[in-house]
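Asker: What follows is data-v4.pdb; its format and atoms are PDB, C-alpha atoms.
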```pdb
MODEL        1
ATOM      1  CA  MET A   1     -12.027 -21.274 -23.589
ATOM      2  CA  SER A   2      -9.332 -23.177 -21.668
ATOM      3  CA  ILE A   3      -7.812 -21.883 -18.415
ATOM      4  CA  LYS A   4      -4.476 -21.442 -20.223
ATOM      5  CA  ASN A   5      -6.069 -19.309 -22.953
ATOM      6  CA  ILE A   6      -7.930 -17.190 -20.390
ATOM      7  CA  ARG A   7      -4.660 -16.528 -18.561
ATOM      8  CA  LEU A   8      -3.014 -15.499 -21.832
ATOM      9  CA  GLU A   9      -5.924 -13.186 -22.563
ATOM     10  CA  VAL A  10      -5.618 -11.589 -19.102
ATOM     11  CA  MET A  11      -1.848 -11.188 -19.511
ATOM     12  CA  GLN A  12      -2.417  -9.491 -22.868
ATOM     13  CA  PHE A  13      -4.988  -7.218 -21.239
ATOM     14  CA  LEU A  14      -2.529  -6.212 -18.485
ATOM     15  CA  GLU A  15       0.322  -5.906 -20.957
ATOM     16  CA  LYS A  16      -1.228  -2.724 -22.335
ATOM     17  CA  ASN A  17      -0.161  -1.056 -19.062
ATOM     18  CA  VAL A  18       3.409  -2.397 -18.906
ATOM     19  CA  ASP A  19       4.950   0.977 -19.780
ATOM     20  CA  SER A  20       3.060   2.612 -16.915
ATOM     21  CA  PHE A  21       4.167  -0.202 -14.572
ATOM     22  CA  VAL A  22       7.796   0.359 -15.584
ATOM     23  CA  GLU A  23       7.462   4.108 -15.100
ATOM     24  CA  GLN A  24       5.726   3.793 -11.716
ATOM     25  CA  TYR A  25       7.686   0.962 -10.107
ATOM     26  CA  LEU A  26      11.156   0.983 -11.690
ATOM     27  CA  ILE A  27      13.804   3.733 -11.768
ATOM     28  CA  PRO A  28      15.907   4.792 -14.802
ATOM     29  CA  VAL A  29      19.483   3.496 -14.891
ATOM     30  CA  GLU A  30      20.984   6.992 -14.795
ATOM     31  CA  THR A  31      18.950   7.914 -11.698
ATOM     32  CA  ILE A  32      18.984   4.826  -9.486
ATOM     33  CA  TRP A  33      21.824   4.114  -7.036
ATOM     34  CA  GLN A  34      24.733   1.918  -8.064
ATOM     35  CA  PRO A  35      26.942  -0.307  -5.841
ATOM     36  CA  SER A  36      29.956   1.993  -6.180
ATOM     37  CA  ASP A  37      27.957   4.777  -4.489
ATOM     38  CA  PHE A  38      28.330   2.945  -1.156
ATOM     39  CA  LEU A  39      31.745   1.282  -1.435
ATOM     40  CA  PRO A  40      35.288   2.627  -1.065
ATOM     41  CA  ASP A  41      36.311   4.409  -4.273
ATOM     42  CA  SER A  42      39.042   2.284  -5.868
ATOM     43  CA  GLN A  43      40.210   5.348  -7.831
ATOM     44  CA  GLY A  44      40.327   7.561  -4.763
ATOM     45  CA  GLU A  45      43.456   8.445  -2.797
ATOM     46  CA  ASN A  46      41.881   7.191   0.442
ATOM     47  CA  PHE A  47      40.847   3.795  -0.916
ATOM     48  CA  PHE A  48      43.109   1.703   1.318
ATOM     49  CA  GLU A  49      42.258   3.739   4.426
ATOM     50  CA  ASP A  50      38.543   3.365   3.681
ATOM     51  CA  VAL A  51      38.907  -0.392   3.205
ATOM     52  CA  LYS A  52      40.836  -0.659   6.469
ATOM     53  CA  GLU A  53      38.054   1.197   8.283
ATOM     54  CA  LEU A  54      35.412  -1.059   6.693
ATOM     55  CA  ARG A  55      37.327  -4.152   7.851
ATOM     56  CA  GLU A  56      37.764  -2.867  11.398
ATOM     57  CA  ILE A  57      34.065  -2.117  11.825
ATOM     58  CA  ALA A  58      33.163  -5.511  10.326
ATOM     59  CA  LYS A  59      34.978  -7.282  13.173
ATOM     60  CA  GLU A  60      32.145  -6.405  15.549
ATOM     61  CA  LEU A  61      29.484  -8.380  13.688
ATOM     62  CA  PRO A  62      28.526 -11.839  15.116
ATOM     63  CA  TYR A  63      28.685 -15.264  13.458
ATOM     64  CA  ASP A  64      24.984 -15.763  12.695
ATOM     65  CA  PHE A  65      24.910 -12.281  11.182
ATOM     66  CA  TRP A  66      27.644 -13.228   8.697
ATOM     67  CA  VAL A  67      25.903 -16.481   7.795
ATOM     68  CA  THR A  68      22.677 -14.589   7.156
ATOM     69  CA  LEU A  69      24.383 -11.882   5.102
ATOM     70  CA  VAL A  70      26.200 -14.503   3.015
ATOM     71  CA  GLY A  71      22.965 -16.436   2.444
ATOM     72  CA  ASP A  72      21.190 -13.238   1.399
ATOM     73  CA  THR A  73      24.036 -12.398  -0.972
ATOM     74  CA  ILE A  74      24.029 -15.837  -2.608
ATOM     75  CA  THR A  75      20.263 -15.613  -3.004
ATOM     76  CA  GLU A  76      20.606 -12.267  -4.785
ATOM     77  CA  GLU A  77      23.411 -13.519  -7.000
ATOM     78  CA  ALA A  78      21.410 -16.447  -8.358
ATOM     79  CA  LEU A  79      19.542 -13.876 -10.463
ATOM     80  CA  PRO A  80      20.121 -15.635 -13.829
ATOM     81  CA  THR A  81      17.821 -18.422 -12.582
ATOM     82  CA  TYR A  82      15.079 -15.986 -11.624
ATOM     83  CA  GLU A  83      15.162 -14.103 -14.924
ATOM     84  CA  SER A  84      15.076 -17.266 -17.036
ATOM     85  CA  TRP A  85      12.170 -18.556 -14.923
ATOM     86  CA  LEU A  86      10.117 -15.363 -15.323
ATOM     87  CA  MET A  87      10.823 -15.156 -19.046
ATOM     88  CA  ASP A  88       9.244 -18.611 -19.427
ATOM     89  CA  VAL A  89       5.933 -17.662 -17.792
ATOM     90  CA  GLU A  90       2.849 -17.893 -20.014
ATOM     91  CA  GLY A  91       2.178 -14.516 -21.627
ATOM     92  CA  ILE A  92       5.779 -13.276 -21.412
ATOM     93  CA  ASP A  93       7.749 -13.368 -24.661
ATOM     94  CA  GLN A  94      11.506 -13.197 -25.094
ATOM     95  CA  VAL A  95      11.172 -10.275 -27.508
ATOM     96  CA  ASP A  96      10.016  -6.989 -26.006
ATOM     97  CA  GLN A  97       9.175  -5.151 -29.225
ATOM     98  CA  VAL A  98       5.618  -5.630 -30.463
ATOM     99  CA  GLU A  99       6.677  -5.070 -34.067
ATOM    100  CA  ASN A 100       9.035  -8.047 -33.735
ATOM    101  CA  GLY A 101       6.275 -10.356 -32.556
ATOM    102  CA  GLY A 102       6.886 -10.001 -28.824
ATOM    103  CA  ASN A 103       5.153  -8.103 -26.075
ATOM    104  CA  GLY A 104       5.849  -5.629 -23.307
ATOM    105  CA  TRP A 105       6.090  -8.110 -20.425
ATOM    106  CA  SER A 106       9.673  -9.027 -21.291
ATOM    107  CA  LYS A 107      10.508  -5.324 -21.017
ATOM    108  CA  TRP A 108       9.326  -5.446 -17.404
ATOM    109  CA  VAL A 109      11.236  -8.640 -16.610
ATOM    110  CA  LYS A 110      14.491  -7.375 -18.114
ATOM    111  CA  GLN A 111      14.362  -4.013 -16.352
ATOM    112  CA  TRP A 112      13.339  -5.630 -13.058
ATOM    113  CA  THR A 113      16.320  -7.961 -13.450
ATOM    114  CA  GLY A 114      18.623  -4.997 -14.073
ATOM    115  CA  GLU A 115      17.561  -3.423 -10.787
ATOM    116  CA  GLU A 116      17.829  -6.665  -8.830
ATOM    117  CA  ASN A 117      21.289  -7.408 -10.238
ATOM    118  CA  ARG A 118      22.772  -4.469  -8.324
ATOM    119  CA  HIS A 119      21.916  -6.105  -4.986
ATOM    120  CA  GLY A 120      24.222  -9.093  -5.374
ATOM    121  CA  ASP A 121      26.943  -6.878  -6.852
ATOM    122  CA  LEU A 122      26.919  -4.578  -3.825
ATOM    123  CA  LEU A 123      26.792  -7.275  -1.156
ATOM    124  CA  ASN A 124      29.420  -9.413  -2.884
ATOM    125  CA  LYS A 125      31.882  -6.521  -3.016
ATOM    126  CA  TYR A 126      31.233  -5.698   0.627
ATOM    127  CA  LEU A 127      31.860  -9.301   1.676
ATOM    128  CA  TYR A 128      35.066  -9.401  -0.363
ATOM    129  CA  LEU A 129      36.411  -6.198   1.191
ATOM    130  CA  SER A 130      35.377  -7.182   4.722
ATOM    131  CA  GLY A 131      37.903 -10.028   4.923
ATOM    132  CA  ARG A 132      35.571 -11.928   7.261
ATOM    133  CA  VAL A 133      34.393 -14.685   4.912
ATOM    134  CA  ASN A 134      35.725 -17.361   2.577
ATOM    135  CA  MET A 135      34.893 -15.876  -0.810
ATOM    136  CA  ARG A 136      35.834 -18.970  -2.810
ATOM    137  CA  GLU A 137      33.390 -21.102  -0.830
ATOM    138  CA  ILE A 138      30.696 -18.459  -1.318
ATOM    139  CA  GLU A 139      31.394 -18.318  -5.041
ATOM    140  CA  MET A 140      31.147 -22.103  -5.355
ATOM    141  CA  THR A 141      27.823 -22.124  -3.497
ATOM    142  CA  THR A 142      26.503 -19.419  -5.818
ATOM    143  CA  GLN A 143      27.574 -21.376  -8.886
ATOM    144  CA  HIS A 144      25.974 -24.544  -7.502
ATOM    145  CA  LEU A 145      22.733 -22.656  -6.853
ATOM    146  CA  ILE A 146      22.623 -21.350 -10.417
ATOM    147  CA  ASN A 147      23.540 -24.787 -11.779
ATOM    148  CA  ASP A 148      20.833 -26.489  -9.709
ATOM    149  CA  GLY A 149      18.104 -23.960 -10.518
ATOM    150  CA  PHE A 150      14.933 -24.174  -8.480
ATOM    151  CA  ASP A 151      11.371 -25.403  -8.438
ATOM    152  CA  ILE A 152       8.978 -23.028  -6.702
ATOM    153  CA  GLY A 153       5.837 -24.926  -7.659
ATOM    154  CA  THR A 154       4.371 -22.297  -9.973
ATOM    155  CA  GLY A 155       4.962 -23.906 -13.350
ATOM    156  CA  ARG A 156       4.433 -21.392 -16.156
ATOM    157  CA  ASP A 157       1.219 -20.050 -14.616
ATOM    158  CA  PRO A 158       1.396 -16.218 -14.382
ATOM    159  CA  TYR A 159      -1.194 -16.081 -11.585
ATOM    160  CA  LYS A 160       0.826 -18.413  -9.340
ATOM    161  CA  ASN A 161       4.073 -16.701 -10.278
ATOM    162  CA  PHE A 162       2.755 -13.272  -9.360
ATOM    163  CA  VAL A 163       1.528 -14.587  -5.996
ATOM    164  CA  TYR A 164       5.030 -15.956  -5.447
ATOM    165  CA  THR A 165       6.816 -12.718  -6.390
ATOM    166  CA  SER A 166       4.396 -10.621  -4.326
ATOM    167  CA  PHE A 167       5.235 -12.741  -1.286
ATOM    168  CA  GLN A 168       8.929 -13.167  -1.985
ATOM    169  CA  GLU A 169       9.689  -9.494  -2.635
ATOM    170  CA  LEU A 170       8.095  -8.596   0.705
ATOM    171  CA  ALA A 171      10.062 -11.366   2.427
ATOM    172  CA  THR A 172      13.351 -10.059   1.019
ATOM    173  CA  TYR A 173      12.395  -6.554   2.137
ATOM    174  CA  VAL A 174      11.940  -7.856   5.685
ATOM    175  CA  SER A 175      15.261  -9.717   5.588
ATOM    176  CA  HIS A 176      17.384  -6.890   4.192
ATOM    177  CA  ASN A 177      15.721  -4.309   6.427
ATOM    178  CA  ARG A 178      16.403  -6.369   9.558
ATOM    179  CA  VAL A 179      20.024  -6.929   8.515
ATOM    180  CA  SER A 180      20.282  -3.158   8.107
ATOM    181  CA  GLN A 181      18.972  -2.609  11.631
ATOM    182  CA  ILE A 182      21.383  -5.151  13.145
ATOM    183  CA  ALA A 183      24.365  -3.699  11.260
ATOM    184  CA  LYS A 184      23.485  -0.256  12.593
ATOM    185  CA  LYS A 185      23.208  -1.646  16.127
ATOM    186  CA  PHE A 186      26.774  -2.972  15.851
ATOM    187  CA  GLY A 187      28.073   0.341  14.504
ATOM    188  CA  ASP A 188      28.355  -0.542  10.814
ATOM    189  CA  LYS A 189      26.439   2.439   9.460
ATOM    190  CA  LYS A 190      27.667   1.978   5.880
ATOM    191  CA  LEU A 191      26.538  -1.646   5.648
ATOM    192  CA  SER A 192      23.288  -0.609   7.300
ATOM    193  CA  LYS A 193      22.687   1.947   4.560
ATOM    194  CA  MET A 194      23.546  -0.560   1.827
ATOM    195  CA  CYS A 195      20.990  -3.051   3.105
ATOM    196  CA  LYS A 196      18.400  -0.333   3.650
ATOM    197  CA  MET A 197      18.713   0.750   0.013
ATOM    198  CA  ILE A 198      18.340  -2.849  -1.158
ATOM    199  CA  ALA A 199      15.292  -3.245   1.093
ATOM    200  CA  GLY A 200      13.769  -0.151  -0.505
ATOM    201  CA  ASP A 201      14.066  -1.727  -3.953
ATOM    202  CA  GLU A 202      12.458  -4.937  -2.719
ATOM    203  CA  MET A 203       9.479  -3.076  -1.258
ATOM    204  CA  ARG A 204       8.975  -1.165  -4.511
ATOM    205  CA  HIS A 205       9.057  -4.418  -6.470
ATOM    206  CA  HIS A 206       6.605  -5.969  -3.999
ATOM    207  CA  HIS A 207       4.179  -3.126  -4.678
ATOM    208  CA  ALA A 208       4.475  -3.823  -8.416
ATOM    209  CA  TYR A 209       3.851  -7.567  -8.309
ATOM    210  CA  SER A 210       1.036  -7.241  -5.779
ATOM    211  CA  GLU A 211      -0.577  -4.674  -8.079
ATOM    212  CA  PHE A 212      -0.398  -7.188 -10.942
ATOM    213  CA  VAL A 213      -2.309  -9.659  -8.744
ATOM    214  CA  ASN A 214      -4.806  -6.962  -7.788
ATOM    215  CA  ARG A 215      -5.494  -6.226 -11.467
ATOM    216  CA  ILE A 216      -6.038  -9.944 -12.153
ATOM    217  CA  PHE A 217      -8.486 -10.186  -9.255
ATOM    218  CA  GLN A 218     -10.514  -7.458 -10.978
ATOM    219  CA  VAL A 219     -10.923  -9.405 -14.228
ATOM    220  CA  ASP A 220     -10.586 -13.083 -13.264
ATOM    221  CA  PRO A 221     -11.349 -13.285  -9.526
ATOM    222  CA  SER A 222     -12.156 -16.978  -9.146
ATOM    223  CA  GLU A 223      -9.066 -18.297 -10.916
ATOM    224  CA  MET A 224      -6.844 -15.775  -9.135
ATOM    225  CA  MET A 225      -8.295 -16.874  -5.787
ATOM    226  CA  LEU A 226      -7.629 -20.523  -6.597
ATOM    227  CA  ALA A 227      -4.060 -19.706  -7.611
ATOM    228  CA  PHE A 228      -3.511 -17.850  -4.320
ATOM    229  CA  GLN A 229      -4.878 -20.801  -2.371
ATOM    230  CA  TYR A 230      -2.718 -23.262  -4.328
ATOM    231  CA  MET A 231       0.476 -21.348  -3.556
ATOM    232  CA  MET A 232      -0.301 -21.015   0.135
ATOM    233  CA  LYS A 233      -1.325 -24.668   0.484
ATOM    234  CA  GLN A 234       1.991 -25.844  -0.863
ATOM    235  CA  LYS A 235       3.815 -23.043   1.036
ATOM    236  CA  ILE A 236       6.120 -20.400  -0.430
ATOM    237  CA  VAL A 237       9.637 -21.778  -0.708
ATOM    238  CA  MET A 238      12.572 -19.374  -0.717
ATOM    239  CA  PRO A 239      14.559 -18.927  -3.959
ATOM    240  CA  ALA A 240      17.680 -20.440  -2.355
ATOM    241  CA  HIS A 241      15.985 -23.578  -1.017
ATOM    242  CA  PHE A 242      18.448 -25.730  -3.039
ATOM    243  CA  LEU A 243      21.380 -24.077  -1.254
ATOM    244  CA  ARG A 244      24.465 -26.286  -0.774
ATOM    245  CA  GLU A 245      28.085 -25.943   0.144
ATOM    246  CA  SER A 246      31.007 -27.184  -1.926
ATOM    247  CA  GLY A 247      31.404 -30.940  -2.099
ATOM    248  CA  GLN A 248      27.859 -31.556  -0.877
ATOM    249  CA  LYS A 249      24.574 -32.567  -2.428
ATOM    250  CA  ILE A 250      21.426 -30.518  -1.981
ATOM    251  CA  SER A 251      20.583 -31.183   1.641
ATOM    252  CA  SER A 252      19.952 -29.177   4.773
ATOM    253  CA  ALA A 253      22.130 -26.113   4.090
ATOM    254  CA  PHE A 254      19.127 -23.868   3.532
ATOM    255  CA  GLU A 255      17.491 -24.939   6.800
ATOM    256  CA  GLN A 256      20.766 -24.263   8.650
ATOM    257  CA  PHE A 257      21.032 -20.828   7.036
ATOM    258  CA  SER A 258      17.381 -20.212   7.940
ATOM    259  CA  ASP A 259      18.097 -21.186  11.544
ATOM    260  CA  SER A 260      20.801 -18.493  11.708
ATOM    261  CA  ALA A 261      18.381 -15.919  10.307
ATOM    262  CA  GLN A 262      15.726 -16.904  12.863
ATOM    263  CA  ARG A 263      18.154 -16.873  15.804
ATOM    264  CA  ILE A 264      19.018 -13.225  15.183
ATOM    265  CA  GLY A 265      15.472 -12.271  14.188
ATOM    266  CA  VAL A 266      16.149 -11.449  10.529
ATOM    267  CA  TYR A 267      13.392 -13.627   9.071
ATOM    268  CA  THR A 268      11.202 -15.852  11.221
ATOM    269  CA  ALA A 269       8.152 -18.106  10.991
ATOM    270  CA  ASN A 270       6.124 -15.219  12.413
ATOM    271  CA  ASP A 271       7.252 -13.043   9.500
ATOM    272  CA  TYR A 272       5.900 -15.641   7.070
ATOM    273  CA  VAL A 273       2.495 -15.472   8.763
ATOM    274  CA  ASP A 274       2.608 -11.676   8.870
ATOM    275  CA  ILE A 275       3.362 -11.454   5.129
ATOM    276  CA  LEU A 276       0.457 -13.782   4.349
ATOM    277  CA  GLN A 277      -1.878 -11.575   6.388
ATOM    278  CA  LYS A 278      -0.565  -8.459   4.656
ATOM    279  CA  LEU A 279      -1.350  -9.959   1.227
ATOM    280  CA  ILE A 280      -4.849 -10.979   2.343
ATOM    281  CA  ASP A 281      -5.456  -7.420   3.550
ATOM    282  CA  LYS A 282      -3.828  -5.777   0.528
ATOM    283  CA  TRP A 283      -5.939  -7.705  -1.962
ATOM    284  CA  GLU A 284      -9.043  -7.362   0.252
ATOM    285  CA  ILE A 285      -9.727 -11.066  -0.071
ATOM    286  CA  ASP A 286     -12.775 -10.797   2.187
ATOM    287  CA  LYS A 287     -14.463  -8.305  -0.178
ATOM    288  CA  ILE A 288     -13.952  -9.986  -3.560
ATOM    289  CA  SER A 289     -17.253 -10.861  -5.238
ATOM    290  CA  ASN A 290     -18.535 -12.988  -8.149
ATOM    291  CA  LEU A 291     -16.641 -16.079  -7.049
ATOM    292  CA  THR A 292     -17.457 -19.644  -8.024
ATOM    293  CA  ASP A 293     -18.314 -22.103  -5.250
ATOM    294  CA  GLU A 294     -14.797 -23.560  -5.468
ATOM    295  CA  ALA A 295     -13.239 -20.102  -5.218
ATOM    296  CA  GLU A 296     -15.459 -19.271  -2.222
ATOM    297  CA  LYS A 297     -14.063 -22.333  -0.445
ATOM    298  CA  ALA A 298     -10.565 -21.174  -1.370
ATOM    299  CA  ARG A 299     -11.301 -17.751   0.131
ATOM    300  CA  ASP A 300     -12.505 -19.368   3.371
ATOM    301  CA  TYR A 301      -9.320 -21.422   3.546
ATOM    302  CA  LEU A 302      -7.128 -18.342   3.020
ATOM    303  CA  MET A 303      -8.961 -16.229   5.587
ATOM    304  CA  LYS A 304      -8.420 -18.881   8.298
ATOM    305  CA  LEU A 305      -4.858 -19.750   7.319
ATOM    306  CA  PRO A 306      -2.882 -17.004   9.166
ATOM    307  CA  ALA A 307      -4.324 -17.977  12.556
ATOM    308  CA  ARG A 308      -3.689 -21.655  11.863
ATOM    309  CA  MET A 309      -0.083 -21.001  10.805
ATOM    310  CA  ALA A 310       0.509 -18.721  13.792
ATOM    311  CA  ARG A 311      -0.378 -21.598  16.115
ATOM    312  CA  ILE A 312       2.030 -23.882  14.282
ATOM    313  CA  SER A 313       4.839 -21.300  14.363
ATOM    314  CA  GLU A 314       4.589 -21.135  18.159
ATOM    315  CA  ARG A 315       5.731 -24.756  18.336
ATOM    316  CA  ILE A 316       8.825 -24.333  16.167
ATOM    317  CA  VAL A 317      12.078 -24.876  18.047
ATOM    318  CA  ILE A 318      15.238 -23.307  16.616
ATOM    319  CA  PRO A 319      18.583 -24.979  17.432
ATOM    320  CA  LYS A 320      20.663 -22.886  19.816
ATOM    321  CA  GLU A 321      23.979 -23.888  18.277
ATOM    322  CA  SER A 322      25.091 -22.427  14.948
ATOM    323  CA  HIS A 323      25.987 -24.725  12.078
ATOM    324  CA  ILE A 324      29.571 -24.054  10.998
ATOM    325  CA  PHE A 325      29.508 -23.131   7.330
ATOM    326  CA  LYS A 326      32.496 -23.226   5.017
ATOM    327  CA  TRP A 327      31.559 -19.681   3.985
ATOM    328  CA  VAL A 328      32.199 -18.251   7.441
ATOM    329  CA  GLU A 329      35.058 -19.767   9.402
ATOM    330  CA  PRO A 330      34.971 -18.870  13.118
ATOM    331  CA  ALA A 331      38.772 -18.523  13.148
ATOM    332  CA  ARG A 332      38.471 -15.579  10.742
ATOM    333  CA  LEU A 333      36.113 -13.765  13.101
TER
ENDMDL
END
```
In structure tokens, how does this file's structure come out?
Answerer:
Amino acid sequence: MSIKNIRLEVMQFLEKNVDSFVEQYLIPVETIWQPSDFLPDSQGENFFEDVKELREIAKELPYDFWVTLVGDTITEEALPTYESWLMDVEGIDQVDQVENGGNGWSKWVKQWTGEENRHGDLLNKYLYLSGRVNMREIEMTTQHLINDGFDIGTGRDPYKNFVYTSFQELATYVSHNRVSQIAKKFGDKKLSKMCKMIAGDEMRHHHAYSEFVNRIFQVDPSEMMLAFQYMMKQKIVMPAHFLRESGQKISSAFEQFSDSAQRIGVYTANDYVDILQKLIDKWEIDKISNLTDEAEKARDYLMKLPARMARISERIVIPKESHIFKWVEPARL
């Protein structure tokens, strides 16, 4: 049997538990928070006063913070790209009703997308009300990012894709949680709560995708190990790595946004290493048995990788000066 057919067989095996995954890791629409729960009520009598208060508090937040928050927002708003990518993974069908020839995986993807969609909605509305950023420039960057799509190196392989989502969901948790902490430090308790709620979703989704990988390790350990090694060898790229501003080609905008995030400690090279170590521990890579010789070599590589990457991260130098983005004009701050 080919590797592709084995992966399809494993996906079909896991698909029997999709309903339990949805029930355990996702929250019903009527129960979960919505963006309007945290924003000034546009139907309320105190709407304008609440907006004025929001804008006054927002004045205290520094430049790199705004760049990071904008970058996080754009990343969340490029959700159409992420859904279309996941729906094309081997073993996931567009139709989510078995009687119509589909399977349950698309049910997971669609409901995961519905939860994720709230993040960009909330942050976008906050940015708009804050008056601290150039919304048109942000909107053009978002449209460019969706137009450009992305290439995360996974192809249609579900094993590689689930390694990616396990890593990426934990990375977004770290980012949103740190933004929450910084907002609170500067007195913006409402923004802090918004980002904390988003971070909570990301952690829950991380638990789901990492459980999918754990289940695959139980039934196809060698191929799952090789997929994990492949993704870490080529490095996990962020969803917004094709980020660009208006009038520009895909260039260094993501690196400049990343520099801002590192300067204020939102997401750093050390966090990347820490997430890798957390995945190695979570999946108990050192204890997995019945591996082929090739998979054993992959395990050895993975076990040594965090220490190697930690040494490299110590040599990274972050520019002290902030890049001036069109999204955030210093004059507005």
Asker: Take the PyMOL selection byres ((chain A and resi 148) around 12), apply it to the structure above, and return the hits as a list in words.
Answerer: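 Against this file, the PyMOL selection byres ((chain A and resi 148) around 12) returns the residues Ala78, Pro80, Thr81, Thr141, Thr142, Gln143, His144, Leu145, Ile146, Asn147, Gly149, Phe150, Asp151, Pro239, Ala240, His241, Phe242, Leu243, Arg244, Lys249 and Ile250 of chain A.
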Asker: For the selection just defined, write its residues with C-alpha atoms to a file, as a PDB file, keeping the file's coordinate frame.
Answerer:
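Contents of the output file result36.pdb:
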```pdb
ATOM      1  CA  ALA A  78      21.410 -16.447  -8.358  1.00  0.00           C
ATOM      2  CA  PRO A  80      20.121 -15.635 -13.829  1.00  0.00           C
ATOM      3  CA  THR A  81      17.821 -18.422 -12.582  1.00  0.00           C
ATOM      4  CA  THR A 141      27.823 -22.124  -3.497  1.00  0.00           C
ATOM      5  CA  THR A 142      26.503 -19.419  -5.818  1.00  0.00           C
ATOM      6  CA  GLN A 143      27.574 -21.376  -8.886  1.00  0.00           C
ATOM      7  CA  HIS A 144      25.974 -24.544  -7.502  1.00  0.00           C
ATOM      8  CA  LEU A 145      22.733 -22.656  -6.853  1.00  0.00           C
ATOM      9  CA  ILE A 146      22.623 -21.350 -10.417  1.00  0.00           C
ATOM     10  CA  ASN A 147      23.540 -24.787 -11.779  1.00  0.00           C
ATOM     11  CA  GLY A 149      18.104 -23.960 -10.518  1.00  0.00           C
ATOM     12  CA  PHE A 150      14.933 -24.174  -8.480  1.00  0.00           C
ATOM     13  CA  ASP A 151      11.371 -25.403  -8.438  1.00  0.00           C
ATOM     14  CA  PRO A 239      14.559 -18.927  -3.959  1.00  0.00           C
ATOM     15  CA  ALA A 240      17.680 -20.440  -2.355  1.00  0.00           C
ATOM     16  CA  HIS A 241      15.985 -23.578  -1.017  1.00  0.00           C
ATOM     17  CA  PHE A 242      18.448 -25.730  -3.039  1.00  0.00           C
ATOM     18  CA  LEU A 243      21.380 -24.077  -1.254  1.00  0.00           C
ATOM     19  CA  ARG A 244      24.465 -26.286  -0.774  1.00  0.00           C
ATOM     20  CA  LYS A 249      24.574 -32.567  -2.428  1.00  0.00           C
ATOM     21  CA  ILE A 250      21.426 -30.518  -1.981  1.00  0.00           C
TER      22      ILE A 250
END
```
Asker: Would you work out the distance separating atom CA of His119 of chain A from atom CA of Ile198 of chain A, expressed in Å to one decimal?
Answerer: 6.2 Å
Asker: Find the distance between atom CA of Thr68 of chain A and atom CA of Val174 of chain A and write it in Å to one decimal.
Answerer: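 Atom CA of Val174 of chain A lies 12.8 Å from atom CA of Thr68 of chain A.
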Asker: Since I can't run it myself right now, could you work out what the PyMOL selection byres ((chain A and resi 153) around 8) selects here and report it as an NGL selection string?
Answerer: :A and (151-152 or 154-155 or 231 or 234)
Asker: Kindly indicate which residue among A:Thr31, A:Thr75, A:Phe217, A:Gln111 lies nearest to Ser289 of chain A, using only C-alpha atoms for the distances.
Answerer: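 Closest to Ser289 of chain A of all the choices is A:Phe217.
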Asker: For the structure shown, which residues end up in the PyMOL selection byres ((chain A and resi 107) around 12)? Put them as a compact mmCIF listing (two decimals) with C-alpha atoms, keeping the file's coordinate frame, please?
Answerer:
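Result saved to result-v8.txt:
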```
# COMPACT_ATOMS: atom_id res chain seq x y z
CA GLU A 15 0.32 -5.91 -20.96
CA ASN A 17 -0.16 -1.06 -19.06
CA VAL A 18 3.41 -2.40 -18.91
CA ASP A 19 4.95 0.98 -19.78
CA SER A 20 3.06 2.61 -16.92
CA PHE A 21 4.17 -0.20 -14.57
CA VAL A 22 7.80 0.36 -15.58
CA GLU A 23 7.46 4.11 -15.10
CA LEU A 26 11.16 0.98 -11.69
CA GLU A 83 15.16 -14.10 -14.92
CA LEU A 86 10.12 -15.36 -15.32
CA MET A 87 10.82 -15.16 -19.05
CA ILE A 92 5.78 -13.28 -21.41
CA ASP A 93 7.75 -13.37 -24.66
CA GLN A 94 11.51 -13.20 -25.09
CA VAL A 95 11.17 -10.28 -27.51
CA ASP A 96 10.02 -6.99 -26.01
CA GLN A 97 9.18 -5.15 -29.22
CA VAL A 98 5.62 -5.63 -30.46
CA GLY A 102 6.89 -10.00 -28.82
CA ASN A 103 5.15 -8.10 -26.08
CA GLY A 104 5.85 -5.63 -23.31
CA TRP A 105 6.09 -8.11 -20.42
CA SER A 106 9.67 -9.03 -21.29
CA TRP A 108 9.33 -5.45 -17.40
CA VAL A 109 11.24 -8.64 -16.61
CA LYS A 110 14.49 -7.38 -18.11
CA GLN A 111 14.36 -4.01 -16.35
CA TRP A 112 13.34 -5.63 -13.06
CA THR A 113 16.32 -7.96 -13.45
CA GLY A 114 18.62 -5.00 -14.07
```
Asker: Smallest atom-to-atom distance to Phe186 of chain A: which of A:Leu14, A:Leu279, A:Tyr173, A:Glu56, using only C-alpha atoms?
Answerer: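 Comparing A:Leu14, A:Leu279, A:Tyr173, A:Glu56 against Phe186 of chain A, the winner is A:Glu56.
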Asker: Using atom CA of Lys52 of chain A and atom CA of Gln34 of chain A as the two end points, give the distance in Å to one decimal.
Answerer: 21.8 Å
Asker: Would you mind listing what lies within 12 Å of Lys282 of chain A as a list in words, with only C-alpha atoms counted and same-chain residues fewer than 3 positions away left out?
Answerer: Ser166, Phe167, His206, His207, Tyr209, Ser210, Glu211, Val213, Asn214, Phe217, Ile275, Leu276, Gln277, Lys278, Leu279, Ile285, Asp286, Lys287 and Ile288 of chain A
Asker: Selection from above, C-alpha atoms, as a short mmCIF file (atom, residue, chain, number, x, y, z; two decimals), keeping the file's coordinate frame, can you write it?
Answerer:
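Final output, saved to part.cif:
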```
data_model
loop_
_atom_site.label_atom_id
_atom_site.label_comp_id
_atom_site.auth_asym_id
_atom_site.auth_seq_id
_atom_site.Cartn_x
_atom_site.Cartn_y
_atom_site.Cartn_z
CA SER A 166 4.40 -10.62 -4.33
CA PHE A 167 5.24 -12.74 -1.29
CA HIS A 206 6.60 -5.97 -4.00
CA HIS A 207 4.18 -3.13 -4.68
CA TYR A 209 3.85 -7.57 -8.31
CA SER A 210 1.04 -7.24 -5.78
CA GLU A 211 -0.58 -4.67 -8.08
CA VAL A 213 -2.31 -9.66 -8.74
CA ASN A 214 -4.81 -6.96 -7.79
CA PHE A 217 -8.49 -10.19 -9.26
CA ILE A 275 3.36 -11.45 5.13
CA LEU A 276 0.46 -13.78 4.35
CA GLN A 277 -1.88 -11.58 6.39
CA LYS A 278 -0.56 -8.46 4.66
CA LEU A 279 -1.35 -9.96 1.23
CA ILE A 285 -9.73 -11.07 -0.07
CA ASP A 286 -12.78 -10.80 2.19
CA LYS A 287 -14.46 -8.30 -0.18
CA ILE A 288 -13.95 -9.99 -3.56
#
```
